[in-house]
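Quick notes on the structure that follows.
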Protein chains: 2
Amino acid sequence: MNLEELARGAGEWLRGTGAMNDIVISSRIRLARNLADFPFVNRMDPEQRRSVVETLQSALRNASDRAWQYVELDDLDELDRQLLVERHLISRQHATGAGRRGVAVSPCETVAVMINEEDHLRMQVMRSGLELETIWTEIDGIDDRIESEINYAFHERYGYLTACPTNVGTGIRVSVMLHLPGLKLTGEIERVFRAARELRLAIRGLFGEGTEYLGDFFQVSNQTTLGKSEEEIVHEFRHQVIPRIIEYERKARQTLLKERTLALDDKVWRSLGTLQSARTMSSEETLTHLSHVRMGVNLGRISEISLQTVNELFLLTQPAHLQRIQGERLNGEQRSVVRAEYIRRRLSQN
Amino acid sequence: MNLEELARGAGEWLRGTGAMNDIVISSRIRLARNLADFPFVNRMDPEQRRSVVETLQSALRNASDRAWQYVELDDLDELDRQLLVERHLISRQHATGAGRRGVAVSPCETVAVMINEEDHLRMQVMRSGLELETIWTEIDGIDDRIESEINYAFHERYGYLTACPTNVGTGIRVSVMLHLPGLKLTGEIERVFRAARELRLAIRGLFGEGTEYLGDFFQVSNQTTLGKSEEEIVHEFRHQVIPRIIEYERKARQTLLKERTLALDDKVWRSLGTLQSARTMSSEETLTHLSHVRMGVNLGRISEISLQTVNELFLLTQPAHLQRIQGERLNGEQRSVVRAEYIRRRLSQN
């Protein structure tokens with residue numbers, strides 16, 4: 001896998017296409033599976049780990065004629081593992097793990113299959129915008145084809161067996177990454193959080209569990225994997241949960257637009273001005289300003305910057321991407337300078 | 001006096017000319033005098049107030065062929081009195097006082113004579129930059145010519161008598177308005193404060209006693225009016241006190257320039273970016289950003305904005321000026337919007 005080249009592209013999750021892409025950044029479905037003939041990952045010895053990697057690589061090749069790119073994480077340095085995290089191709093946990101483990105990525109990065117993460121197999125399909133039904137069809141097909149090659153650990157009554165009991169059953173996690181600056185600004189985001197808790201949904205930050213809500217990005221996902229079919233979970237997400245949050249966000253934006261135009265414009269333009277002027281900027285501050293600018297572009301308050309540029313900047317200003325683009329290792333202070341430079345250059349090209 | 005026209009001009013104190021004008025905004029000498037034949041201002045009845053105004057107006061006309069513009073403050077509304085404060089032509093105390101009182105202003109606003117402020121007569125000569133000797137010659141001449149017209153309250157041993165004992169003697173106050181963003185940023189300003197206290201100097205904010213140090217402006221003035229001649233006080237200020245502070249500020253700026261270039265540039269450019277982008281801005285925030293931009297221009301970090309523009313903005317974005325320019329009364333919120341608009345327009349003209 002050419003990570004150099006990868007770092008320069010936009011990545012599926014921030015492509016800015018797909019349904020409702022003013023609010024829905026990306027949709028993702030992940031399935032957790034294990035091989036019947038091996039113990040769970042945390043119980044495997046090095047030989048078994050290698051064996052699982054080989055078995056699954058071969059199953060993937062046979063199951064699909066996609067040009068999978070397999071990356072062995074144990075051979076990668078920390079920076080490149082971080083790059084894959086920033087692109088949402090692997091989890092943080094997978095990046096910082098140990099032993100033989102990897103990820104197979106499809107062209108365009110829509111499919112990523114982690115091997116030896118918490119489970120033997122964690123496959124995800126991710127698409128820009130709200131595209132859960134397409135994604136479900138796609139991942140269900142891949143899952144079936146893999147299953148025809150190997151034996152999944154499956155229990156008649158409980159369903160697919162997983163290392164952590166919270167995933168047992170369907171092993172599915174449906175997540176939608178939402179950009180909710182309107183609800184954040186009007187202070188109504190807390191209401192969404194409460195409603196989500198009542199529906200037994202999890203809301204996480206940009207990089208999943210335990211990460212902050214940077215840049216007003218919120219990842220909503222199901223917590224329950226038992227008692228409902230995959231189709232039911234996907235349907236509920238696609239037609240009830242997400243549309244309701246989108247509606248709230250749209251209302252918040254309309255309120256800002258009609259009743260607080262000045263405060264909205266001030267925030268949006270100050271953020272753009274700061275991005276265009278600063279000589280040093282942390283990634284956290286960058287996310288905050290880009291979030292405001294993204295809202296400004298979506299609401300037609302800023303017309304000189306394209307949504308694509310903003311989306312790209314979200315991705316490419318992250319630490320590992322920045323260093324890959326720059327072609328050298330940089331400490332935090334150096335990154336902040338290079339980041340500010342890169343942003344200024346990119347925004348002046350519009 | 002045409003205040004409409006006045007409001008659009010730059011005013012002497014921010015003209016940006018004169019010696020050391022990168023650090024010294026303006027120099028000012030003020031003399032406090034009283035008429036021998038009248039009680040002090042706080043003891044006068046309305047008839048006496050009127051009489052003092054007439055006596056001094058006539059003395060001024062006879063003493064100088066300048067085209068004095070006299071403004072009776074009691075006839076002015078609050079906004080126009082505020083305008084004169086913002087231009088440093090009258091004190092805050094004079095603006096908010098009561099009864100017949102006024103100010104005579106010379107063309108170009110270099111000389112301003114307050115009548116019936118704390119003393120019957122308070123004349124000031126103000127010039128851009130460090131020009132204390134020129135100013136002293138000028139004010140001393142005016143004082144002599146007035147004295148040839150009227151009887152000052154004078155005591156053989158104590159000198160000129162004033163309403164407040166702190167002014168007795170020479171009645172002189174020498175003030176220099178300094179722009180010290182470097183010392184503020186390096187945190188060394190406190191050392192200057194300590195040194196000033198030891199030299200029995202007062203350091204005040206932009207509008208004199210009790211005002212904050214907005215925009216990194218510091219007004220240094222003498223506190224003692226007894227025991228030294230006027231020439232000694234002026235000489236000490238011109239050749240010892242002020243040059244030393246200037247030297248400190250230059251060193252601080254050089255340190256920033258050499259050792260903290262990035263932090264300096266970041267501050268300076270972010271301030272410019274914010275001024276160019278914001279949709280609403282308070283006068284306090286404006287002063288802070290303009291101060292950084294002024295330093296950036298002085299240190300050659302910003303070349304697209306002229307010092308004159310920055311100086312003008314300091315003056316013209318103040319509340320009364322803004323309303324005069326706009327030609328209408330505005331509340332605080334409206335002013336912030338008009339101010340932000342005005343700044344954006346002015347900065348895009350460069």
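Labels for the structure tokens follow display order: chains A, B, ..., residues from 1 in each chain, ligands from 1.
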
Sel. of strand (DSSP E) residues, region 162-208 of chain A, as a PyMOL selection string: chain A and resi 172-179+201-204

Within 12 Å of chain B: residues of chain A, using only C-alpha atoms, as an NGL selection string: :A and (261-281 or 302 or 333-334 or 336-338 or 340-341 or 344)

Helix (DSSP H, G or I) call set, DSSP backbone run, region 125-341 of chain A, as a PyMOL selection string: chain A and resi 132-147+165-167+181-186+189-198+214-216+230-259+261-277+283-298+307-316+319-326+332-341

Long-range neighbours of region 134-139 of chain A as JSON, numbers by chain, 7 Å cut-off, only C-alpha atoms, 6 positions minimum in chain: {"A": [29, 125, 126]}

d(CA of Ser229 (chain B), CA of Thr170 (chain B)) in Å: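 Distance reported for this atom pair: 7.0 Å.
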
Long-range neighbours of region 194-200 of chain A as a PyMOL selection string, 8 Å cut-off, only C-alpha atoms, 5 positions minimum in chain: chain A and resi 222-224
